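K.L.:
Before anything else, here's the structure in question.
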Amino acid sequence: MNRVVMCVCFLAILVMPCFAQDDWRAEADARIEKNRKTDVAIFVIRDDEPVADAEVRVKMVRHEFLFGCNIFMHGRAATPEQNAAYNERYAEILNFATLPYYWWDYERVEGKPGHESRERTAAWCAEHGIRTKGHPLAWSYGEAKWMTERGPEAVWERQLGRITDCVSHFQGKIDTWDVVNEMTQFDRGECVKQAPTMVEAIRLAGGPVPATKACFAAAREAAPDACLLVNDYITDVSYERLLDALCDENGKPIFDVVGIQSHMHGGTWSNERITEVCDRFSKYGLPIHFTELTILSGQTGWELGENWNSTPEGEAKQAAEVTRVYTMLFSQPAVQAITWWDFSDQGAWQRAPAGLLRADMSEKPAYSALRDLIKGAWWTDVTLQTDAAGKADARVFRGTYEVTVTLADGTVKVSSAVFSGNENDFHVEIE
């Protein structure tokens with residue numbers, strides 16, 4: 001092979017990944033345009049007549065799509081200044097929060113659940129327009145000492161009672177729940193070691209399918225209108241079989257949402273895997289929530305333990321992967337929510353460099369990258385002019401809006417609107 005041919009081949013190798021990258025991004029952006037935006041027609045009327053040349057500002061207030069994170073460190077950071085930074089940065093970009101309900105920690109003393117602290121967090125979320133979810137109501141991973149002393153039959157009875165208590169107590173404050181967590185492999189080795197009583201209780205209840213059905217029945221009875229999830233880190237056919245078994249004879253699922261965990265401590269998912277998982281679990285015709293998404297800002301690998309540290313190189317890679325993974329997920333029509341895990345390195349699961357913030361609550365590049373998407377590329381704030389028919393057209397991201405109409409004589413009217421579905425006509429009557 002001569003030198004010219006070699007150079008051409010080498011250049012082709014360099015250029016090919018760029019085309020591939022452009023291709024996936026262009027395809028994802030096209031899906032976002034189709035799946036996440038809607039057409040809006042705003043009509044301005046005064047004295048039953050259309051108003052031409054009115055200025056119409058369409059300003060987004062909140063996404064319909066749920067961009068979330070667990071909020072486990074709310075009020076628990078090392079200093080008041082860090083708590084304030086955590087809260088400020090959380091509320092700046094996120095509209096969905098997962099609150100902890102791990103039974104062994106939530107009810108350390110039997111009959112004394114930790115409702116009060118969750119009420120405080122839920123109230124803060126409500127003040128900032130953040131939807132809340134409780135996680136999880138049933139899980140075979142850990143247990144308090146009193147559960148071991150009670151035995152599996154009594155614990156299962158208490159398990160169903162706990163579901164009723166939590167869902168009823170927080171109705172109107174928390175109306176979305178991960179009802180069961182990781183039931184596909186409820187009796188794996190670490191579960192048997194950490195929670196032998198709960199594992200045996202699930203067995204006595206009939207195994208994963210009957211136990212899950214019983215948990216959902218308790219939650220549904222306590223709050224018929226609540227949004228109830230199944231949640232698992234297993235994304236292969238075994239989880240699919242469990243979900244199939246949770247459908248009635250007509251194929252209707254007992255769950256409202258399919259929850260998918262995606263802890264990427266060992267490396268980020270490829271675009272192909274993201275697409276395959278979304279395609280596999282969209283068959284139920286229900287929303288998919290990516291409930292626990294982690295991309296590290298340090299070395300990947302589960303074995304690092306205490307040596308898991310955030311690095312400048314890792315932070316740059318994390319930011320790039322956040323942009324790619326979120327873009328891919330946001331473009332998938334079945335995906336309704338993405339929940340990051342954890343918001344800061346301080347208090348992060350496994351002590352991993354998993355946060356969008358560092359341990360001192362300063363922003364990592366990944367936080368800025370996500371803000372640029374949620375409040376930038378995927379945010380609508382446009383100013384329009386009505387035509388002779390008093391009409392102004394726009395294509396906007398689905399969500400809640402503030403619509404401000406300003407007439408030539410200085411009259412101003414501000415209205416609130418929710419733009420969803422495929423087409424939205426919105427009339428502004430000027431007095």
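Here, A, B, ... name the chains of the structure tokens in the order displayed, residue numbers run from 1 inside each chain, and ligands are numbered from 1 in the same displayed order.
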Find the residues around Ala52 (chain A) up to 10 Å (only C-alpha atoms counted), leave out those fewer than 2 positions away in its own chain, and share them as an mmCIF file with N, CA and C atoms, in the first residue's frame.
P.N.:
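Just written: around.cif:
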data_model
loop_
_atom_site.group_PDB
_atom_site.id
_atom_site.type_symbol
_atom_site.label_atom_id
_atom_site.label_comp_id
_atom_site.auth_asym_id
_atom_site.auth_seq_id
_atom_site.Cartn_x
_atom_site.Cartn_y
_atom_site.Cartn_z
ATOM 1 N N PHE A 43 -54.204 32.960 20.778
ATOM 2 C CA PHE A 43 -55.123 33.943 20.203
ATOM 3 C C PHE A 43 -55.346 35.060 21.216
ATOM 4 N N VAL A 44 -55.131 36.304 20.789
ATOM 5 C CA VAL A 44 -55.347 37.473 21.652
ATOM 6 C C VAL A 44 -56.614 38.187 21.182
ATOM 7 N N ILE A 45 -57.549 38.374 22.130
ATOM 8 C CA ILE A 45 -58.869 38.919 21.809
ATOM 9 C C ILE A 45 -59.200 40.051 22.771
ATOM 10 N N GLU A 49 -62.865 40.973 19.479
ATOM 11 C CA GLU A 49 -62.143 41.195 18.235
ATOM 12 C C GLU A 49 -60.691 40.756 18.389
ATOM 13 N N PRO A 50 -60.122 40.184 17.318
ATOM 14 C CA PRO A 50 -58.714 39.795 17.390
ATOM 15 C C PRO A 50 -57.808 41.023 17.484
ATOM 16 N N ALA A 54 -49.855 42.342 18.737
ATOM 17 C CA ALA A 54 -49.615 42.230 20.182
ATOM 18 C C ALA A 54 -48.343 41.412 20.403
ATOM 19 N N GLU A 55 -47.588 41.811 21.417
ATOM 20 C CA GLU A 55 -46.393 41.059 21.763
ATOM 21 C C GLU A 55 -46.776 39.928 22.715
ATOM 22 N N GLN A 385 -45.257 37.775 17.815
ATOM 23 C CA GLN A 385 -46.131 38.887 17.444
ATOM 24 C C GLN A 385 -47.397 38.311 16.818
ATOM 25 N N THR A 386 -48.552 38.780 17.237
ATOM 26 C CA THR A 386 -49.799 38.281 16.650
ATOM 27 C C THR A 386 -49.984 38.838 15.248
ATOM 28 N N ASP A 387 -50.632 38.024 14.395
ATOM 29 C CA ASP A 387 -50.911 38.464 13.030
ATOM 30 C C ASP A 387 -52.259 39.189 12.968
ATOM 31 N N ALA A 388 -52.752 39.426 11.774
ATOM 32 C CA ALA A 388 -54.007 40.165 11.615
ATOM 33 C C ALA A 388 -55.191 39.445 12.248
ATOM 34 N N ALA A 389 -55.071 38.124 12.395
ATOM 35 C CA ALA A 389 -56.140 37.340 13.025
ATOM 36 C C ALA A 389 -55.962 37.240 14.539
ATOM 37 N N GLY A 390 -54.988 37.991 15.085
ATOM 38 C CA GLY A 390 -54.738 37.950 16.523
ATOM 39 C C GLY A 390 -54.069 36.669 16.976
ATOM 40 N N LYS A 391 -53.378 36.003 16.065
ATOM 41 C CA LYS A 391 -52.820 34.688 16.346
ATOM 42 C C LYS A 391 -51.300 34.708 16.313
ATOM 43 N N ALA A 392 -50.698 33.967 17.247
ATOM 44 C CA ALA A 392 -49.246 33.772 17.269
ATOM 45 C C ALA A 392 -48.961 32.284 17.425
ATOM 46 N N LEU A 407 -49.916 44.827 24.839
ATOM 47 C CA LEU A 407 -50.510 45.551 23.718
ATOM 48 C C LEU A 407 -49.782 46.865 23.467
ATOM 49 N N ALA A 408 -50.070 47.454 22.324
ATOM 50 C CA ALA A 408 -49.413 48.703 21.946
ATOM 51 C C ALA A 408 -49.713 49.838 22.919
#
K.L.:
What are the nearest atom pairs, with distances in Å to one decimal, for all residues of region 183-228 of chain A that come at most 9 Å from region 155-175 of chain A, using only C-alpha atoms, set out by chain and rising residue number as a Markdown table?
P.N.:
| residue | atom | partner | partner_atom | distance |
| --- | --- | --- | --- | --- |
| A:Thr197 | CA | A:Val155 | CA | 7.6 |
| A:Met198 | CA | A:Val155 | CA | 7.1 |
| A:Ala201 | CA | A:Trp156 | CA | 5.5 |
| A:Ile202 | CA | A:Trp156 | CA | 7.3 |
| A:Leu204 | CA | A:Trp156 | CA | 8.5 |
| A:Ala205 | CA | A:Trp156 | CA | 7.6 |
| A:Ala214 | CA | A:Leu160 | CA | 7.6 |
| A:Cys215 | CA | A:Leu160 | CA | 6.2 |
| A:Phe216 | CA | A:Ile163 | CA | 8.9 |
| A:Ala218 | CA | A:Thr164 | CA | 5.9 |
| A:Ala219 | CA | A:Thr164 | CA | 5.9 |
| A:Arg220 | CA | A:Thr164 | CA | 8.9 |
| A:Glu221 | CA | A:Thr164 | CA | 7.9 |
| A:Ala222 | CA | A:Ser168 | CA | 5.4 |
| A:Ala223 | CA | A:Ser168 | CA | 6.5 |
| A:Asp225 | CA | A:Asp175 | CA | 7.9 |
| A:Ala226 | CA | A:Asp175 | CA | 4.8 |
| A:Cys227 | CA | A:Asp175 | CA | 6.2 |
| A:Leu228 | CA | A:Asp175 | CA | 8.4 |
K.L.:
Using N, CA and C atoms, can you export the residues from the last selection as a PDB file, in the first residue's frame?
P.N.:
ATOM      1  N   THR A 197     -34.634 -12.452  57.237  1.00  0.00           N
ATOM      2  CA  THR A 197     -36.043 -12.509  57.649  1.00  0.00           C
ATOM      3  C   THR A 197     -36.952 -12.051  56.517  1.00  0.00           C
ATOM      4  N   MET A 198     -36.569 -10.950  55.841  1.00  0.00           N
ATOM      5  CA  MET A 198     -37.391 -10.445  54.743  1.00  0.00           C
ATOM      6  C   MET A 198     -37.378 -11.403  53.555  1.00  0.00           C
ATOM      7  N   ALA A 201     -39.692 -14.051  54.408  1.00  0.00           N
ATOM      8  CA  ALA A 201     -41.063 -13.528  54.391  1.00  0.00           C
ATOM      9  C   ALA A 201     -41.620 -13.514  52.975  1.00  0.00           C
ATOM     10  N   ILE A 202     -40.798 -13.119  52.007  1.00  0.00           N
ATOM     11  CA  ILE A 202     -41.244 -13.114  50.609  1.00  0.00           C
ATOM     12  C   ILE A 202     -41.499 -14.533  50.123  1.00  0.00           C
ATOM     13  N   LEU A 204     -42.468 -17.028  52.004  1.00  0.00           N
ATOM     14  CA  LEU A 204     -43.717 -17.455  52.635  1.00  0.00           C
ATOM     15  C   LEU A 204     -44.932 -16.813  51.969  1.00  0.00           C
ATOM     16  N   ALA A 205     -44.737 -15.617  51.406  1.00  0.00           N
ATOM     17  CA  ALA A 205     -45.832 -14.944  50.707  1.00  0.00           C
ATOM     18  C   ALA A 205     -46.092 -15.537  49.326  1.00  0.00           C
ATOM     19  N   ALA A 214     -49.313  -8.496  46.230  1.00  0.00           N
ATOM     20  CA  ALA A 214     -49.852  -8.116  47.535  1.00  0.00           C
ATOM     21  C   ALA A 214     -49.423  -6.706  47.913  1.00  0.00           C
ATOM     22  N   CYS A 215     -48.175  -6.367  47.624  1.00  0.00           N
ATOM     23  CA  CYS A 215     -47.688  -5.012  47.927  1.00  0.00           C
ATOM     24  C   CYS A 215     -48.423  -3.964  47.106  1.00  0.00           C
ATOM     25  N   PHE A 216     -48.639  -4.251  45.837  1.00  0.00           N
ATOM     26  CA  PHE A 216     -49.355  -3.299  44.989  1.00  0.00           C
ATOM     27  C   PHE A 216     -50.810  -3.161  45.425  1.00  0.00           C
ATOM     28  N   ALA A 218     -51.969  -3.413  48.435  1.00  0.00           N
ATOM     29  CA  ALA A 218     -52.000  -2.579  49.633  1.00  0.00           C
ATOM     30  C   ALA A 218     -51.817  -1.109  49.280  1.00  0.00           C
ATOM     31  N   ALA A 219     -50.876  -0.821  48.376  1.00  0.00           N
ATOM     32  CA  ALA A 219     -50.628   0.570  47.983  1.00  0.00           C
ATOM     33  C   ALA A 219     -51.818   1.144  47.225  1.00  0.00           C
ATOM     34  N   ARG A 220     -52.405   0.339  46.341  1.00  0.00           N
ATOM     35  CA  ARG A 220     -53.536   0.819  45.532  1.00  0.00           C
ATOM     36  C   ARG A 220     -54.748   1.095  46.402  1.00  0.00           C
ATOM     37  N   GLU A 221     -54.974   0.257  47.389  1.00  0.00           N
ATOM     38  CA  GLU A 221     -56.109   0.480  48.273  1.00  0.00           C
ATOM     39  C   GLU A 221     -55.906   1.745  49.107  1.00  0.00           C
ATOM     40  N   ALA A 222     -54.668   1.996  49.517  1.00  0.00           N
ATOM     41  CA  ALA A 222     -54.384   3.167  50.345  1.00  0.00           C
ATOM     42  C   ALA A 222     -54.506   4.467  49.560  1.00  0.00           C
ATOM     43  N   ALA A 223     -54.162   4.436  48.276  1.00  0.00           N
ATOM     44  CA  ALA A 223     -54.222   5.652  47.445  1.00  0.00           C
ATOM     45  C   ALA A 223     -54.508   5.235  46.007  1.00  0.00           C
ATOM     46  N   ASP A 225     -55.301   6.694  43.356  1.00  0.00           N
ATOM     47  CA  ASP A 225     -54.814   7.521  42.260  1.00  0.00           C
ATOM     48  C   ASP A 225     -53.301   7.694  42.254  1.00  0.00           C
ATOM     49  N   ALA A 226     -52.604   7.035  43.156  1.00  0.00           N
ATOM     50  CA  ALA A 226     -51.150   7.166  43.218  1.00  0.00           C
ATOM     51  C   ALA A 226     -50.498   6.521  41.993  1.00  0.00           C
ATOM     52  N   CYS A 227     -49.293   6.982  41.665  1.00  0.00           N
ATOM     53  CA  CYS A 227     -48.496   6.421  40.573  1.00  0.00           C
ATOM     54  C   CYS A 227     -47.540   5.399  41.176  1.00  0.00           C
ATOM     55  N   LEU A 228     -47.698   4.124  40.784  1.00  0.00           N
ATOM     56  CA  LEU A 228     -46.990   3.024  41.432  1.00  0.00           C
ATOM     57  C   LEU A 228     -46.012   2.352  40.463  1.00  0.00           C
TER      58      LEU A 228
END
K.L.:
Per DSSP on the backbone, filter region 99-301 of chain A down to the residues in strand (DSSP E or B) and report them as number ranges by chain.
P.N.:
A: 99-100, 131-135, 138-139, 176-181, 227-232, 247, 253, 257-263, 288-294, 298
K.L.:
CA of Trp379 (chain A) to CA of Asp29 (chain A): how many Å, to one decimal?
P.N.:
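Interatomic distance, CA of Trp379 (chain A) to CA of Asp29 (chain A): 13.7 Å.
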K.L.:
Smallest atom-to-atom distance to Arg31 (chain A): which of A:Thr79, A:Thr327, A:Thr121, A:Ser362, using only C-alpha atoms?
P.N.:
A:Thr327
K.L.:
Can you list, as a ChimeraX atom specification, every protein, DNA or RNA residue that comes within 10 Å of Glu33 (chain A) when you count only C-alpha atoms, leaving out same-chain residues fewer than 5 positions away?
P.N.:
/A:27-28,38,331,378,395-397
K.L.:
Could you state the separation of CA of Leu229 (chain A) and CA of Leu137 (chain A) in Å, given to one decimal place?
P.N.:
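A separation of 10.3 Å between them.
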K.L.:
Which residue gives the smallest distance to Ser368 (chain A) among A:Ala122, A:Ala144, A:Ala320, A:Gln336, with only C-alpha atoms counted?
P.N.:
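The answer is A:Ala320, which sits nearest to Ser368 (chain A).
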K.L.:
Report as a ChimeraX atom specification: the residues of region 96-287 of chain A with a DSSP assignment of helix (DSSP H, G or I), based on the backbone of this structure.
P.N.:
/A:103-106,115-127,145-150,152-169,189-194,196-204,208-222,237-245,271-284
K.L.:
Taking into account only C-alpha atoms, which residue in the set A:Trp302, A:Trp139, A:Trp177, A:Trp146 is nearest to Val199 (chain A)?
P.N.:
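The closest residue to Val199 (chain A) is A:Trp139.
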K.L.:
Fewer than 5 positions away in the same chain doesn't count, so skip those; otherwise give me all residues within 10 Å of Arg241 (chain A), counting only C-alpha atoms, as a PyMOL selection string.
P.N.:
chain A and resi 184+209+236+246
K.L.:
So that I have them on file, write out the residues from the current selection with C-alpha atoms, as a PDB file, in the first residue's frame.
P.N.:
ATOM      1  CA  THR A 184     -36.325 -10.242  40.341  1.00  0.00           C
ATOM      2  CA  VAL A 209     -45.008 -12.495  41.878  1.00  0.00           C
ATOM      3  CA  ASP A 236     -32.882  -8.577  30.717  1.00  0.00           C
ATOM      4  CA  LEU A 246     -47.801  -8.845  36.922  1.00  0.00           C
TER       5      LEU A 246
END
K.L.:
Can you pull out every residue within 12 Å of Asp393 (chain A), counting only C-alpha atoms, but drop anything in the same chain fewer than 5 positions away, and send it as a PyMOL selection string?
P.N.:
chain A and resi 38-44+56-58+382-387+423-426
K.L.:
Take the residues just selected and output them with N, CA and C atoms as a PDB file, in the first residue's frame.
P.N.:
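That gives us part.pdb:
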ATOM      1  N   THR A  38     -44.485  20.451  21.196  1.00  0.00           N
ATOM      2  CA  THR A  38     -45.879  20.530  20.758  1.00  0.00           C
ATOM      3  C   THR A  38     -46.141  21.866  20.084  1.00  0.00           C
ATOM      4  N   ASP A  39     -47.150  21.903  19.219  1.00  0.00           N
ATOM      5  CA  ASP A  39     -47.538  23.141  18.544  1.00  0.00           C
ATOM      6  C   ASP A  39     -48.522  23.920  19.402  1.00  0.00           C
ATOM      7  N   VAL A  40     -48.305  25.225  19.472  1.00  0.00           N
ATOM      8  CA  VAL A  40     -49.143  26.110  20.268  1.00  0.00           C
ATOM      9  C   VAL A  40     -49.646  27.246  19.384  1.00  0.00           C
ATOM     10  N   ALA A  41     -50.927  27.528  19.494  1.00  0.00           N
ATOM     11  CA  ALA A  41     -51.520  28.686  18.820  1.00  0.00           C
ATOM     12  C   ALA A  41     -52.148  29.583  19.885  1.00  0.00           C
ATOM     13  N   ILE A  42     -51.653  30.788  20.003  1.00  0.00           N
ATOM     14  CA  ILE A  42     -52.152  31.725  21.014  1.00  0.00           C
ATOM     15  C   ILE A  42     -52.970  32.799  20.315  1.00  0.00           C
ATOM     16  N   PHE A  43     -54.204  32.960  20.778  1.00  0.00           N
ATOM     17  CA  PHE A  43     -55.123  33.943  20.203  1.00  0.00           C
ATOM     18  C   PHE A  43     -55.346  35.060  21.216  1.00  0.00           C
ATOM     19  N   VAL A  44     -55.131  36.304  20.789  1.00  0.00           N
ATOM     20  CA  VAL A  44     -55.347  37.473  21.652  1.00  0.00           C
ATOM     21  C   VAL A  44     -56.614  38.187  21.182  1.00  0.00           C
ATOM     22  N   VAL A  56     -46.336  38.718  22.405  1.00  0.00           N
ATOM     23  CA  VAL A  56     -46.671  37.546  23.213  1.00  0.00           C
ATOM     24  C   VAL A  56     -45.370  36.848  23.614  1.00  0.00           C
ATOM     25  N   ARG A  57     -45.114  36.853  24.915  1.00  0.00           N
ATOM     26  CA  ARG A  57     -43.946  36.119  25.408  1.00  0.00           C
ATOM     27  C   ARG A  57     -44.408  34.789  26.004  1.00  0.00           C
ATOM     28  N   VAL A  58     -43.828  33.713  25.509  1.00  0.00           N
ATOM     29  CA  VAL A  58     -44.149  32.365  25.969  1.00  0.00           C
ATOM     30  C   VAL A  58     -42.929  31.857  26.738  1.00  0.00           C
ATOM     31  N   VAL A 382     -39.748  32.352  24.227  1.00  0.00           N
ATOM     32  CA  VAL A 382     -39.799  33.050  22.942  1.00  0.00           C
ATOM     33  C   VAL A 382     -40.766  34.228  23.012  1.00  0.00           C
ATOM     34  N   THR A 383     -40.480  35.235  22.213  1.00  0.00           N
ATOM     35  CA  THR A 383     -41.361  36.386  22.094  1.00  0.00           C
ATOM     36  C   THR A 383     -41.903  36.434  20.668  1.00  0.00           C
ATOM     37  N   LEU A 384     -43.218  36.492  20.553  1.00  0.00           N
ATOM     38  CA  LEU A 384     -43.902  36.416  19.266  1.00  0.00           C
ATOM     39  C   LEU A 384     -44.716  37.676  19.018  1.00  0.00           C
ATOM     40  N   GLN A 385     -45.257  37.775  17.815  1.00  0.00           N
ATOM     41  CA  GLN A 385     -46.131  38.887  17.444  1.00  0.00           C
ATOM     42  C   GLN A 385     -47.397  38.311  16.818  1.00  0.00           C
ATOM     43  N   THR A 386     -48.552  38.780  17.237  1.00  0.00           N
ATOM     44  CA  THR A 386     -49.799  38.281  16.650  1.00  0.00           C
ATOM     45  C   THR A 386     -49.984  38.838  15.248  1.00  0.00           C
ATOM     46  N   ASP A 387     -50.632  38.024  14.395  1.00  0.00           N
ATOM     47  CA  ASP A 387     -50.911  38.464  13.030  1.00  0.00           C
ATOM     48  C   ASP A 387     -52.259  39.189  12.968  1.00  0.00           C
ATOM     49  N   GLU A 423     -51.412  19.410  19.967  1.00  0.00           N
ATOM     50  CA  GLU A 423     -51.793  20.757  19.557  1.00  0.00           C
ATOM     51  C   GLU A 423     -52.476  21.459  20.712  1.00  0.00           C
ATOM     52  N   ASN A 424     -52.212  22.756  20.855  1.00  0.00           N
ATOM     53  CA  ASN A 424     -52.754  23.529  21.965  1.00  0.00           C
ATOM     54  C   ASN A 424     -53.204  24.901  21.485  1.00  0.00           C
ATOM     55  N   ASP A 425     -54.488  25.176  21.596  1.00  0.00           N
ATOM     56  CA  ASP A 425     -55.015  26.512  21.342  1.00  0.00           C
ATOM     57  C   ASP A 425     -55.199  27.202  22.682  1.00  0.00           C
ATOM     58  N   PHE A 426     -54.691  28.422  22.794  1.00  0.00           N
ATOM     59  CA  PHE A 426     -54.750  29.146  24.056  1.00  0.00           C
ATOM     60  C   PHE A 426     -55.271  30.557  23.787  1.00  0.00           C
TER      61      PHE A 426
END
K.L.:
Nearest to Glu107 (chain A): which of A:Leu293, A:Met147, A:Ala211, A:Ala85 is it, counting only C-alpha atoms?
P.N.:
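Closest residue, counting only C-alpha atoms: A:Met147.
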K.L.:
Between CA of Cys69 (chain A) and CA of Ala97 (chain A), what is the distance in Å, rounded to a tenth?
P.N.:
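We find that CA of Cys69 (chain A) and CA of Ala97 (chain A) lie 5.4 Å from each other.
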K.L.:
Could you name the residues that touch His263 (chain A) at 8 Å or less, counting only C-alpha atoms, but leaving out those on the same chain fewer than 5 positions away, as a list in words?
P.N.:
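Selected residues are Tyr233, Glu292, Leu293, Thr294, Ile295 and Trp341 of chain A.
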K.L.:
Would you output that residue set with N, CA and C atoms, as a PDB file, in the first residue's frame?
P.N.:
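Final output, result-v4.pdb:
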ATOM      1  N   TYR A 233     -32.747  -3.357  38.920  1.00  0.00           N
ATOM      2  CA  TYR A 233     -31.498  -3.134  38.188  1.00  0.00           C
ATOM      3  C   TYR A 233     -31.310  -4.169  37.091  1.00  0.00           C
ATOM      4  N   GLU A 292     -32.626   5.341  38.743  1.00  0.00           N
ATOM      5  CA  GLU A 292     -31.359   5.482  39.463  1.00  0.00           C
ATOM      6  C   GLU A 292     -30.231   5.457  38.443  1.00  0.00           C
ATOM      7  N   LEU A 293     -29.834   6.634  37.980  1.00  0.00           N
ATOM      8  CA  LEU A 293     -28.816   6.734  36.934  1.00  0.00           C
ATOM      9  C   LEU A 293     -27.534   7.306  37.528  1.00  0.00           C
ATOM     10  N   THR A 294     -26.425   6.598  37.348  1.00  0.00           N
ATOM     11  CA  THR A 294     -25.133   7.031  37.863  1.00  0.00           C
ATOM     12  C   THR A 294     -24.080   6.983  36.767  1.00  0.00           C
ATOM     13  N   ILE A 295     -23.349   8.070  36.613  1.00  0.00           N
ATOM     14  CA  ILE A 295     -22.153   8.123  35.772  1.00  0.00           C
ATOM     15  C   ILE A 295     -21.054   8.752  36.621  1.00  0.00           C
ATOM     16  N   TRP A 341     -28.377   9.693  40.518  1.00  0.00           N
ATOM     17  CA  TRP A 341     -28.072   9.063  41.814  1.00  0.00           C
ATOM     18  C   TRP A 341     -26.571   9.178  42.056  1.00  0.00           C
TER      19      TRP A 341
END
K.L.:
Write out as a list in words each polymer residue whose atoms come within 10 Å of Thr235 (chain A), counting only C-alpha atoms; drop sequence neighbours fewer than 4 positions from it.
P.N.:
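Returned residues: Thr184, Tyr239, Glu240, Gly259, Ile260, Gln261, Ser262, Glu276, Val277, Cys278, Arg280 and Phe281 of chain A.
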K.L.:
Filtering to N, CA and C atoms, could you give me those residues as an mmCIF file, in the first residue's frame?
P.N.:
data_model
loop_
_atom_site.group_PDB
_atom_site.id
_atom_site.type_symbol
_atom_site.label_atom_id
_atom_site.label_comp_id
_atom_site.auth_asym_id
_atom_site.auth_seq_id
_atom_site.Cartn_x
_atom_site.Cartn_y
_atom_site.Cartn_z
ATOM 1 N N THR A 184 -36.737 -9.182 41.266
ATOM 2 C CA THR A 184 -36.325 -10.242 40.341
ATOM 3 C C THR A 184 -35.313 -11.181 40.977
ATOM 4 N N TYR A 239 -36.407 -9.840 34.161
ATOM 5 C CA TYR A 239 -37.260 -8.746 34.644
ATOM 6 C C TYR A 239 -38.524 -8.668 33.792
ATOM 7 N N GLU A 240 -38.353 -8.890 32.512
ATOM 8 C CA GLU A 240 -39.504 -8.892 31.599
ATOM 9 C C GLU A 240 -40.499 -9.986 32.000
ATOM 10 N N GLY A 259 -39.863 0.853 36.207
ATOM 11 C CA GLY A 259 -38.666 1.490 36.744
ATOM 12 C C GLY A 259 -37.410 0.736 36.338
ATOM 13 N N ILE A 260 -36.433 1.481 35.798
ATOM 14 C CA ILE A 260 -35.176 0.899 35.334
ATOM 15 C C ILE A 260 -34.018 1.566 36.070
ATOM 16 N N GLN A 261 -33.242 0.767 36.805
ATOM 17 C CA GLN A 261 -32.022 1.283 37.408
ATOM 18 C C GLN A 261 -30.891 1.234 36.384
ATOM 19 N N SER A 262 -29.994 2.206 36.457
ATOM 20 C CA SER A 262 -28.872 2.244 35.508
ATOM 21 C C SER A 262 -27.641 2.830 36.196
ATOM 22 N N GLU A 276 -31.975 -0.580 23.193
ATOM 23 C CA GLU A 276 -32.477 -1.946 23.391
ATOM 24 C C GLU A 276 -33.336 -2.041 24.647
ATOM 25 N N VAL A 277 -32.892 -1.435 25.752
ATOM 26 C CA VAL A 277 -33.648 -1.490 27.004
ATOM 27 C C VAL A 277 -34.973 -0.750 26.854
ATOM 28 N N CYS A 278 -34.937 0.414 26.241
ATOM 29 C CA CYS A 278 -36.187 1.173 26.054
ATOM 30 C C CYS A 278 -37.162 0.422 25.166
ATOM 31 N N ARG A 280 -37.302 -2.856 24.747
ATOM 32 C CA ARG A 280 -37.757 -4.068 25.437
ATOM 33 C C ARG A 280 -38.925 -3.760 26.381
ATOM 34 N N PHE A 281 -38.802 -2.648 27.145
ATOM 35 C CA PHE A 281 -39.774 -2.398 28.201
ATOM 36 C C PHE A 281 -40.870 -1.408 27.813
#
K.L.:
For Glu321 (chain A), which residue among A:Asn271, A:Leu94, A:Gly251, A:Ala126 is the nearest when counting only C-alpha atoms?
P.N.:
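Counting only C-alpha atoms, the residue closest to Glu321 (chain A) is A:Asn271.
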